[in-house]
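*Asks:* Contents of my_file-v5.pdb (PDB, C-alpha atoms) are given next:
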```pdb
ATOM      1  CA  MET A   1      -2.261  19.314   4.481
ATOM      2  CA  ALA A   2      -1.951  21.170   7.773
ATOM      3  CA  GLN A   3       0.101  24.334   8.069
ATOM      4  CA  LEU A   4       1.976  25.446  11.169
ATOM      5  CA  THR A   5       2.847  29.037  11.983
ATOM      6  CA  ILE A   6       6.249  29.503  13.619
ATOM      7  CA  ASN A   7       7.731  32.825  14.714
ATOM      8  CA  ALA A   8      11.402  33.359  13.953
ATOM      9  CA  GLU A   9      14.049  36.071  14.070
ATOM     10  CA  SER A  10      16.861  36.568  11.574
ATOM     11  CA  ARG A  11      20.398  36.005  12.810
ATOM     12  CA  LYS A  12      22.750  38.942  12.488
ATOM     13  CA  LYS A  13      25.796  37.089  13.800
ATOM     14  CA  LEU A  14      26.993  33.671  12.649
ATOM     15  CA  GLY A  15      29.478  31.179  14.021
ATOM     16  CA  GLY A  16      29.658  28.310  16.479
ATOM     17  CA  SER A  17      29.852  30.499  19.603
ATOM     18  CA  THR A  18      26.760  32.473  18.627
ATOM     19  CA  ALA A  19      24.854  29.267  17.876
ATOM     20  CA  LEU A  20      25.864  27.889  21.283
ATOM     21  CA  GLN A  21      24.565  30.998  23.025
ATOM     22  CA  LEU A  22      21.255  30.687  21.225
ATOM     23  CA  ARG A  23      20.874  27.051  22.284
ATOM     24  CA  GLN A  24      21.610  27.991  25.896
ATOM     25  CA  GLN A  25      18.708  30.446  25.654
ATOM     26  CA  GLY A  26      16.328  27.769  24.410
ATOM     27  CA  ARG A  27      16.599  28.899  20.792
ATOM     28  CA  VAL A  28      17.488  26.792  17.750
ATOM     29  CA  PRO A  29      19.582  28.242  14.904
ATOM     30  CA  GLY A  30      18.451  27.475  11.386
ATOM     31  CA  VAL A  31      18.676  28.432   7.742
ATOM     32  CA  LEU A  32      15.899  29.183   5.256
ATOM     33  CA  TYR A  33      16.973  28.179   1.755
ATOM     34  CA  GLY A  34      15.452  29.843  -1.281
ATOM     35  CA  HIS A  35      15.292  29.383  -5.040
ATOM     36  CA  GLY A  36      18.021  31.490  -6.604
ATOM     37  CA  GLU A  37      17.898  33.765  -3.560
ATOM     38  CA  PRO A  38      20.296  34.296  -0.651
ATOM     39  CA  SER A  39      19.828  31.889   2.236
ATOM     40  CA  ILE A  40      18.533  33.475   5.430
ATOM     41  CA  PRO A  41      19.932  32.446   8.829
ATOM     42  CA  PHE A  42      17.347  32.601  11.616
ATOM     43  CA  HIS A  43      16.641  31.329  15.104
ATOM     44  CA  VAL A  44      13.433  30.033  16.610
ATOM     45  CA  LYS A  45      12.174  28.943  20.017
ATOM     46  CA  GLU A  46      12.954  25.249  20.540
ATOM     47  CA  LEU A  47       9.519  24.492  21.989
ATOM     48  CA  ASP A  48       7.813  25.907  18.894
ATOM     49  CA  LEU A  49       9.425  23.195  16.746
ATOM     50  CA  ARG A  50       7.839  20.250  18.543
ATOM     51  CA  PRO A  51       4.608  20.148  16.469
ATOM     52  CA  LEU A  52       6.729  20.148  13.313
ATOM     53  CA  ILE A  53       9.328  17.552  14.279
ATOM     54  CA  TYR A  54       7.607  15.169  16.687
ATOM     55  CA  THR A  55       4.625  14.208  14.561
ATOM     56  CA  ASN A  56       3.382  11.430  12.301
ATOM     57  CA  GLU A  57       1.886  13.899   9.835
ATOM     58  CA  THR A  58       3.424  16.124   7.196
ATOM     59  CA  HIS A  59       3.113  19.903   7.495
ATOM     60  CA  THR A  60       3.931  23.042   5.596
ATOM     61  CA  VAL A  61       5.246  25.962   7.622
ATOM     62  CA  SER A  62       4.374  29.630   7.622
ATOM     63  CA  LEU A  63       7.642  30.996   9.000
ATOM     64  CA  ASN A  64       6.906  34.432  10.433
ATOM     65  CA  LEU A  65      10.420  35.766   9.918
ATOM     66  CA  ASP A  66      10.757  39.231  11.439
ATOM     67  CA  GLY A  67       7.053  39.718  10.712
ATOM     68  CA  ASN A  68       7.332  38.590   7.090
ATOM     69  CA  PRO A  69       5.545  35.232   6.458
ATOM     70  CA  GLN A  70       7.496  32.734   4.369
ATOM     71  CA  ARG A  71       5.900  29.487   3.182
ATOM     72  CA  CYS A  72       8.320  26.582   3.519
ATOM     73  CA  VAL A  73       8.784  22.933   4.454
ATOM     74  CA  LEU A  74      11.172  21.068   6.699
ATOM     75  CA  ARG A  75      14.348  20.050   4.936
ATOM     76  CA  GLU A  76      16.587  18.724   7.689
ATOM     77  CA  VAL A  77      16.827  18.531  11.460
ATOM     78  CA  GLN A  78      19.972  17.879  13.458
ATOM     79  CA  PHE A  79      20.034  16.626  17.028
ATOM     80  CA  HIS A  80      22.682  16.879  19.735
ATOM     81  CA  PRO A  81      24.436  13.470  19.898
ATOM     82  CA  VAL A  82      24.224  13.295  23.704
ATOM     83  CA  THR A  83      21.097  15.175  24.807
ATOM     84  CA  ASP A  84      19.112  14.436  21.613
ATOM     85  CA  ARG A  85      17.775  17.990  21.683
ATOM     86  CA  VAL A  86      17.275  19.823  18.401
ATOM     87  CA  SER A  87      20.501  21.648  17.567
ATOM     88  CA  HIS A  88      19.830  22.960  14.061
ATOM     89  CA  ILE A  89      17.039  23.112  11.520
ATOM     90  CA  ASP A  90      16.896  23.761   7.794
ATOM     91  CA  LEU A  91      13.776  24.900   5.949
ATOM     92  CA  ILE A  92      13.272  25.436   2.235
ATOM     93  CA  LEU A  93      10.963  27.914   0.529
ATOM     94  CA  ILE A  94       8.163  26.496  -1.574
ATOM     95  CA  HIS A  95       6.166  27.917  -4.459
ATOM     96  CA  ALA A  96       2.760  26.668  -5.532
ATOM     97  CA  ASP A  97       3.881  25.876  -9.103
ATOM     98  CA  GLU A  98       7.151  24.100  -8.231
ATOM     99  CA  LYS A  99       7.364  20.440  -7.234
ATOM    100  CA  ILE A 100       9.369  19.563  -4.162
ATOM    101  CA  ARG A 101      10.738  16.333  -2.723
ATOM    102  CA  ILE A 102       9.469  15.587   0.766
ATOM    103  CA  ASP A 103       9.189  12.614   3.134
ATOM    104  CA  VAL A 104       5.620  11.540   3.929
ATOM    105  CA  PRO A 105       4.594   9.022   6.630
ATOM    106  CA  VAL A 106       3.152   5.627   5.701
ATOM    107  CA  LYS A 107      -0.080   4.651   7.466
ATOM    108  CA  LEU A 108      -0.976   0.962   7.591
ATOM    109  CA  VAL A 109      -4.666   0.149   7.225
ATOM    110  CA  GLY A 110      -6.347  -3.056   8.394
ATOM    111  CA  THR A 111      -5.132  -6.126  10.278
ATOM    112  CA  ALA A 112      -3.040  -8.588   8.290
ATOM    113  CA  ILE A 113      -4.299 -12.159   7.916
ATOM    114  CA  GLY A 114      -0.798 -13.313   8.812
ATOM    115  CA  VAL A 115      -0.930 -11.512  12.153
ATOM    116  CA  LYS A 116      -4.263 -13.180  12.954
ATOM    117  CA  ASP A 117      -2.584 -16.512  12.166
ATOM    118  CA  GLY A 118       0.202 -15.858  14.660
ATOM    119  CA  GLY A 119       2.726 -14.083  12.463
ATOM    120  CA  VAL A 120       4.716 -11.035  13.555
ATOM    121  CA  MET A 121       4.515  -7.801  11.580
ATOM    122  CA  ASP A 122       7.713  -5.864  10.894
ATOM    123  CA  PHE A 123       6.866  -2.326   9.758
ATOM    124  CA  SER A 124      10.309  -1.243   8.564
ATOM    125  CA  LEU A 125       9.770   1.716   6.230
ATOM    126  CA  HIS A 126       7.768   4.422   7.991
ATOM    127  CA  LYS A 127       8.273   7.233   5.470
ATOM    128  CA  LEU A 128       8.385   7.543   1.698
ATOM    129  CA  SER A 129      10.068  10.236  -0.361
ATOM    130  CA  ILE A 130       7.765  11.760  -2.964
ATOM    131  CA  GLU A 131       7.868  14.531  -5.558
ATOM    132  CA  VAL A 132       4.744  16.672  -5.384
ATOM    133  CA  LEU A 133       3.351  20.174  -5.732
ATOM    134  CA  PRO A 134       3.128  21.930  -2.337
ATOM    135  CA  ASP A 135      -0.655  22.184  -2.356
ATOM    136  CA  ALA A 136      -1.009  18.459  -3.084
ATOM    137  CA  ILE A 137       1.214  17.109  -0.292
ATOM    138  CA  PRO A 138      -0.681  14.287   1.464
ATOM    139  CA  ASP A 139      -0.764  14.039   5.259
ATOM    140  CA  HIS A 140       0.245  10.388   4.868
ATOM    141  CA  ILE A 141       0.189   7.505   2.389
ATOM    142  CA  GLU A 142      -2.169   4.644   3.234
ATOM    143  CA  LEU A 143      -1.237   1.019   2.648
ATOM    144  CA  ASP A 144      -3.813  -1.752   3.071
ATOM    145  CA  ILE A 145      -2.229  -4.818   4.689
ATOM    146  CA  THR A 146      -5.437  -6.819   5.260
ATOM    147  CA  ASN A 147      -4.557  -9.641   2.831
ATOM    148  CA  LEU A 148      -0.909  -9.941   3.852
ATOM    149  CA  LYS A 149      -0.111 -13.538   4.888
ATOM    150  CA  ILE A 150       2.782 -15.039   6.859
ATOM    151  CA  GLY A 151       5.959 -14.883   4.792
ATOM    152  CA  HIS A 152       4.568 -12.192   2.521
ATOM    153  CA  SER A 153       5.694  -8.571   2.241
ATOM    154  CA  LEU A 154       4.742  -5.321   0.571
ATOM    155  CA  HIS A 155       7.278  -3.257  -1.316
ATOM    156  CA  VAL A 156       7.234   0.334  -2.527
ATOM    157  CA  SER A 157       6.391  -1.046  -5.979
ATOM    158  CA  ASP A 158       3.149  -2.487  -4.552
ATOM    159  CA  LEU A 159       1.742   0.961  -3.829
ATOM    160  CA  PRO A 160      -1.107   1.953  -6.138
ATOM    161  CA  PRO A 161      -0.214   4.816  -8.493
ATOM    162  CA  ASN A 162      -1.341   8.280  -7.487
ATOM    163  CA  PRO A 163      -1.829  11.085 -10.023
ATOM    164  CA  THR A 164      -0.834  13.839  -7.602
ATOM    165  CA  TYR A 165       2.674  12.657  -6.685
ATOM    166  CA  THR A 166       5.574  10.431  -7.748
ATOM    167  CA  VAL A 167       7.295   8.128  -5.246
ATOM    168  CA  SER A 168      11.086   8.587  -5.259
ATOM    169  CA  THR A 169      11.968   5.868  -2.755
ATOM    170  CA  ASP A 170      13.576   2.728  -4.225
ATOM    171  CA  SER A 171      10.758   0.593  -5.634
ATOM    172  CA  HIS A 172      12.419  -2.578  -4.272
ATOM    173  CA  ALA A 173      12.421  -1.313  -0.667
ATOM    174  CA  VAL A 174      10.318  -3.386   1.763
ATOM    175  CA  ILE A 175       7.671  -1.434   3.648
ATOM    176  CA  VAL A 176       6.168  -4.206   5.775
ATOM    177  CA  ILE A 177       6.611  -7.969   6.135
ATOM    178  CA  ILE A 178       4.755 -10.644   8.106
ATOM    179  CA  ALA A 179       7.285 -13.049   9.559
ATOM    180  CA  ALA A 180       6.686 -16.490  10.992
ATOM    181  CA  PRO A 181       6.866 -16.428  14.810
ATOM    182  CA  LYS A 182      10.137 -18.384  15.008
ATOM    183  CA  ALA A 183      11.820 -16.251  12.345
ATOM    184  CA  ALA A 184      10.517 -12.898  13.568
ATOM    185  CA  GLU A 185      13.608 -11.870  15.528
ATOM    186  CA  GLU A 186      15.975 -12.770  12.669
ATOM    187  CA  VAL A 187      13.890 -10.830  10.133
ATOM    188  CA  VAL A 188      13.733  -7.727  12.331
ATOM    189  CA  ALA A 189      17.504  -7.785  12.887
ATOM    190  CA  ALA A 190      18.226  -8.204   9.164
ATOM    191  CA  THR A 191      15.825  -5.413   8.215
ATOM    192  CA  GLU A 192      17.273  -2.975  10.731
ATOM    193  CA  ALA A 193      20.730  -3.619   9.331
ATOM    194  CA  VAL A 194      19.784  -2.489   5.826
ATOM    195  CA  VAL A 195      17.142   0.197   6.423
ATOM    196  CA  ALA A 196      18.861   3.582   6.494
ATOM    197  CA  GLU A 197      17.794   6.456   8.740
ATOM    198  CA  PRO A 198      15.457   8.892   6.903
ATOM    199  CA  GLU A 199      17.518  11.296   4.836
ATOM    200  CA  GLN A 200      15.776  14.324   6.209
ATOM    201  CA  ILE A 201      16.646  13.578   9.862
ATOM    202  CA  LYS A 202      20.284  13.319  10.786
ATOM    203  CA  LYS A 203      22.146  13.289  14.073
ATOM    204  CA  GLY A 204      25.159  15.404  14.774
ATOM    205  CA  LYS A 205      25.996  18.879  15.970
ATOM    206  CA  LYS A 206      27.036  21.686  13.676
ATOM    207  CA  ASP A 207      30.287  23.031  15.074
ATOM    208  CA  GLU A 208      30.679  25.880  12.628
ATOM    209  CA  GLU A 209      28.317  27.945  10.575
ATOM    210  CA  GLU A 210      29.147  29.849   7.456
ATOM    211  CA  ALA A 211      27.615  32.965   5.971
ATOM    212  CA  PRO A 212      24.659  32.329   3.613
ATOM    213  CA  VAL A 213      25.265  32.210  -0.099
ATOM    214  CA  ALA A 214      23.015  32.505  -3.128
ATOM    215  CA  GLU A 215      21.816  29.196  -4.507
ATOM    216  CA  LYS A 216      19.351  27.613  -6.838
ATOM    217  CA  GLY A 217      17.002  24.828  -5.760
ATOM    218  CA  LYS A 218      18.156  22.661  -2.928
ATOM    219  CA  SER A 219      21.573  23.449  -1.528
ATOM    220  CA  ASP A 220      23.566  21.105   0.638
ATOM    221  CA  LYS A 221      25.323  23.917   2.419
ATOM    222  CA  LYS A 222      24.342  24.425   6.047
ATOM    223  CA  GLY A 223      24.415  27.638   8.068
TER     224      GLY A 223
END
```
Can the structure in the file be given as structure tokens, please?
*Replies:*
Amino acid sequence: MAQLTINAESRKKLGGSTALQLRQQGRVPGVLYGHGEPSIPFHVKELDLRPLIYTNETHTVSLNLDGNPQRCVLREVQFHPVTDRVSHIDLILIHADEKIRIDVPVKLVGTAIGVKDGGVMDFSLHKLSIEVLPDAIPDHIELDITNLKIGHSLHVSDLPPNPTYTVSTDSHAVIVIIAAPKAAEEVVAATEAVVAEPEQIKKGKKDEEEAPVAEKGKSDKKG
């Protein structure tokens, strides 16, 4: 599990106008959520977030907040609905002895028999939600598709058990399917209609921000 170091500064002023000014300066407002501790509003350079957000691997973060390192993971990112630039980020503190829920990328291994026979692969579920201790977070979860034939699919329930984490994603969810050439377009359209966007990444701009409050565990309140 790779760890990124990101420098951040605490935010003294809150509110939509302050957040807008930060974004105009190339900064992204965010909130660091704790465990039974007050949430901490911060801001960080937008460019520094790219290795964390635009990646196919999972990372922990050493958030250097006003010179005080805080170990955390990405909880949620929001993007501007027009420019698609990062508009807000939430991080959550982690402790070595406490399990967390985090999304981990799926990595397909091998070439499916069905693809060699002319079938079309639809890789519909790119991330899985797992519960795991911070030091055991995998970079990705491998799935061997070598023996997958035309018309066959692999579901979350087909993943081999792993002693270090528990998969939280619906066991009936389809990860990958090999469709017959003529039916490929229909299968892709049907899959896209039912596969939801990853919970951790949402689009939309925060118009208002509220002062941080004390919380336990994961809070749904944004700053």
*Asks:* I'd like to see the residues matched by the PyMOL selection byres ((chain A and resi 99-115) around 6) on this file, and ideally I'd get them as an MDAnalysis selection string.
*Replies:* chainID A and resid 98 116:120 126:133 140:150
*Asks:* Between atom CA of Pro134 of chain A and atom CA of Asp66 of chain A, what is the distance in Å, rounded to a tenth?
*Replies:*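 So the answer is 23.4 Å.
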*Asks:* So which residues touch Gly26 of chain A within 9 Å, counting only C-alpha atoms, skipping near sequence neighbours fewer than 6 positions away, as a PyMOL selection string?
*Replies:* chain A and resi 44-47
*Asks:* Could you check the closest approach to Cys72 of chain A for each of A:Asn56, A:Gln3, A:Ser10, A:Thr166 and tell me which residue wins, using all atoms listed in the file?
*Replies:*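 Under the stated criterion, the closest residue is A:Gln3.
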*Asks:* Just want the 7 Å neighbourhood of Gly151 of chain A, counted on all atoms listed in the file, with same-chain residues fewer than 3 positions away dropped. Output as a ChimeraX atom specification.
*Replies:* /A:178-180
*Asks:* Considering all atoms listed in the file, can you say which of A:Leu22, A:Ala173, A:Ala136, A:Ile53 comes closest to Asp97 of chain A?
*Replies:*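 Ranked by minimum distance to Asp97 of chain A, first place goes to A:Ala136.
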*Asks:* Might you spell out which residues the PyMOL selection byres ((chain A and resi 41) around 8) would select in the displayed file, as a short mmCIF file (atom, residue, chain, number, x, y, z; two decimals) with C-alpha atoms, in the coordinates of the input?
*Replies:*
```cif
data_model
loop_
_atom_site.label_atom_id
_atom_site.label_comp_id
_atom_site.auth_asym_id
_atom_site.auth_seq_id
_atom_site.Cartn_x
_atom_site.Cartn_y
_atom_site.Cartn_z
CA SER A 10 16.86 36.57 11.57
CA ARG A 11 20.40 36.01 12.81
CA LYS A 12 22.75 38.94 12.49
CA PRO A 29 19.58 28.24 14.90
CA GLY A 30 18.45 27.48 11.39
CA VAL A 31 18.68 28.43 7.74
CA LEU A 32 15.90 29.18 5.26
CA SER A 39 19.83 31.89 2.24
CA ILE A 40 18.53 33.48 5.43
CA PHE A 42 17.35 32.60 11.62
CA HIS A 43 16.64 31.33 15.10
CA PRO A 212 24.66 32.33 3.61
CA GLY A 223 24.42 27.64 8.07
#
```
*Asks:* So that all listed atoms of segment 105-120 of chain A fit with 5 Å spare on each side, what axis-aligned box centre and edge lengths in Å, to one decimal, would you give as JSON?
*Replies:*
```
{"center_x": -0.8, "center_y": -3.7, "center_z": 10.2, "size_x": 21.1, "size_y": 35.5, "size_z": 19.0}
```
*Asks:* Determine the nearest neighbour of Leu159 of chain A from the options A:Leu74, A:His172, A:Asn7, A:Pro51, counting only C-alpha atoms.
*Replies:*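 Residue with the minimum atom-to-atom distance to Leu159 of chain A: A:His172.
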*Asks:* Using all atoms listed in the file, what residues lie at most 7 Å away from (12.4, 31.6, -0.8) (file coordinates), given as a VMD selection string?
*Replies:* chain A and resid 33 to 35 37 92 to 94
*Asks:* Suppose you want the space between atom CA of His59 of chain A and atom CA of Asp139 of chain A; what is it in Å?
*Replies:*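 Distance reported for this atom pair: 7.4 Å.
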*Asks:* Please evaluate the PyMOL selection byres ((chain A and resi 86) around 9) against the displayed coordinates and give the resulting residues as a list in words.
*Replies:*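 Evaluating the PyMOL selection byres ((chain A and resi 86) around 9) on this file yields Arg23, Val28, Glu46, Leu49, Val77, Gln78, Phe79, His80, Thr83, Asp84, Arg85, Ser87, His88 and Ile89 of chain A.
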*Asks:* How would segment 86-98 of chain A of the given structure read as a file with N, CA and C atoms, as a PDB file, in the first residue's frame?
*Replies:*
```
ATOM      1  N   VAL A  86     -11.785  19.503  -9.394  1.00  0.00           N
ATOM      2  CA  VAL A  86     -12.073  19.124  -8.011  1.00  0.00           C
ATOM      3  C   VAL A  86     -12.524  20.359  -7.239  1.00  0.00           C
ATOM      4  N   SER A  87     -13.682  20.270  -6.591  1.00  0.00           N
ATOM      5  CA  SER A  87     -14.212  21.412  -5.861  1.00  0.00           C
ATOM      6  C   SER A  87     -14.198  21.214  -4.346  1.00  0.00           C
ATOM      7  N   HIS A  88     -14.110  19.968  -3.904  1.00  0.00           N
ATOM      8  CA  HIS A  88     -14.097  19.705  -2.464  1.00  0.00           C
ATOM      9  C   HIS A  88     -13.610  18.285  -2.226  1.00  0.00           C
ATOM     10  N   ILE A  89     -12.944  18.092  -1.092  1.00  0.00           N
ATOM     11  CA  ILE A  89     -12.434  16.771  -0.762  1.00  0.00           C
ATOM     12  C   ILE A  89     -12.638  16.487   0.720  1.00  0.00           C
ATOM     13  N   ASP A  90     -12.997  15.263   1.021  1.00  0.00           N
ATOM     14  CA  ASP A  90     -13.128  14.818   2.405  1.00  0.00           C
ATOM     15  C   ASP A  90     -12.140  13.692   2.661  1.00  0.00           C
ATOM     16  N   LEU A  91     -11.449  13.764   3.779  1.00  0.00           N
ATOM     17  CA  LEU A  91     -10.538  12.715   4.221  1.00  0.00           C
ATOM     18  C   LEU A  91     -10.991  12.237   5.592  1.00  0.00           C
ATOM     19  N   ILE A  92     -10.611  11.029   5.959  1.00  0.00           N
ATOM     20  CA  ILE A  92     -10.976  10.512   7.269  1.00  0.00           C
ATOM     21  C   ILE A  92      -9.744   9.897   7.934  1.00  0.00           C
ATOM     22  N   LEU A  93      -9.554  10.230   9.205  1.00  0.00           N
ATOM     23  CA  LEU A  93      -8.421   9.715   9.957  1.00  0.00           C
ATOM     24  C   LEU A  93      -8.503   8.202  10.098  1.00  0.00           C
ATOM     25  N   ILE A  94      -7.357   7.563  10.097  1.00  0.00           N
ATOM     26  CA  ILE A  94      -7.330   6.114  10.286  1.00  0.00           C
ATOM     27  C   ILE A  94      -6.382   5.769  11.429  1.00  0.00           C
ATOM     28  N   HIS A  95      -6.693   4.657  12.093  1.00  0.00           N
ATOM     29  CA  HIS A  95      -5.865   4.143  13.168  1.00  0.00           C
ATOM     30  C   HIS A  95      -5.562   2.685  12.859  1.00  0.00           C
ATOM     31  N   ALA A  96      -4.356   2.268  13.180  1.00  0.00           N
ATOM     32  CA  ALA A  96      -3.883   0.944  12.790  1.00  0.00           C
ATOM     33  C   ALA A  96      -4.779  -0.186  13.281  1.00  0.00           C
ATOM     34  N   ASP A  97      -5.449  -0.006  14.421  1.00  0.00           N
ATOM     35  CA  ASP A  97      -6.244  -1.095  15.004  1.00  0.00           C
ATOM     36  C   ASP A  97      -7.730  -0.988  14.709  1.00  0.00           C
ATOM     37  N   GLU A  98      -8.124  -0.067  13.830  1.00  0.00           N
ATOM     38  CA  GLU A  98      -9.538   0.122  13.494  1.00  0.00           C
ATOM     39  C   GLU A  98      -9.782  -0.154  12.018  1.00  0.00           C
TER      40      GLU A  98
END
```
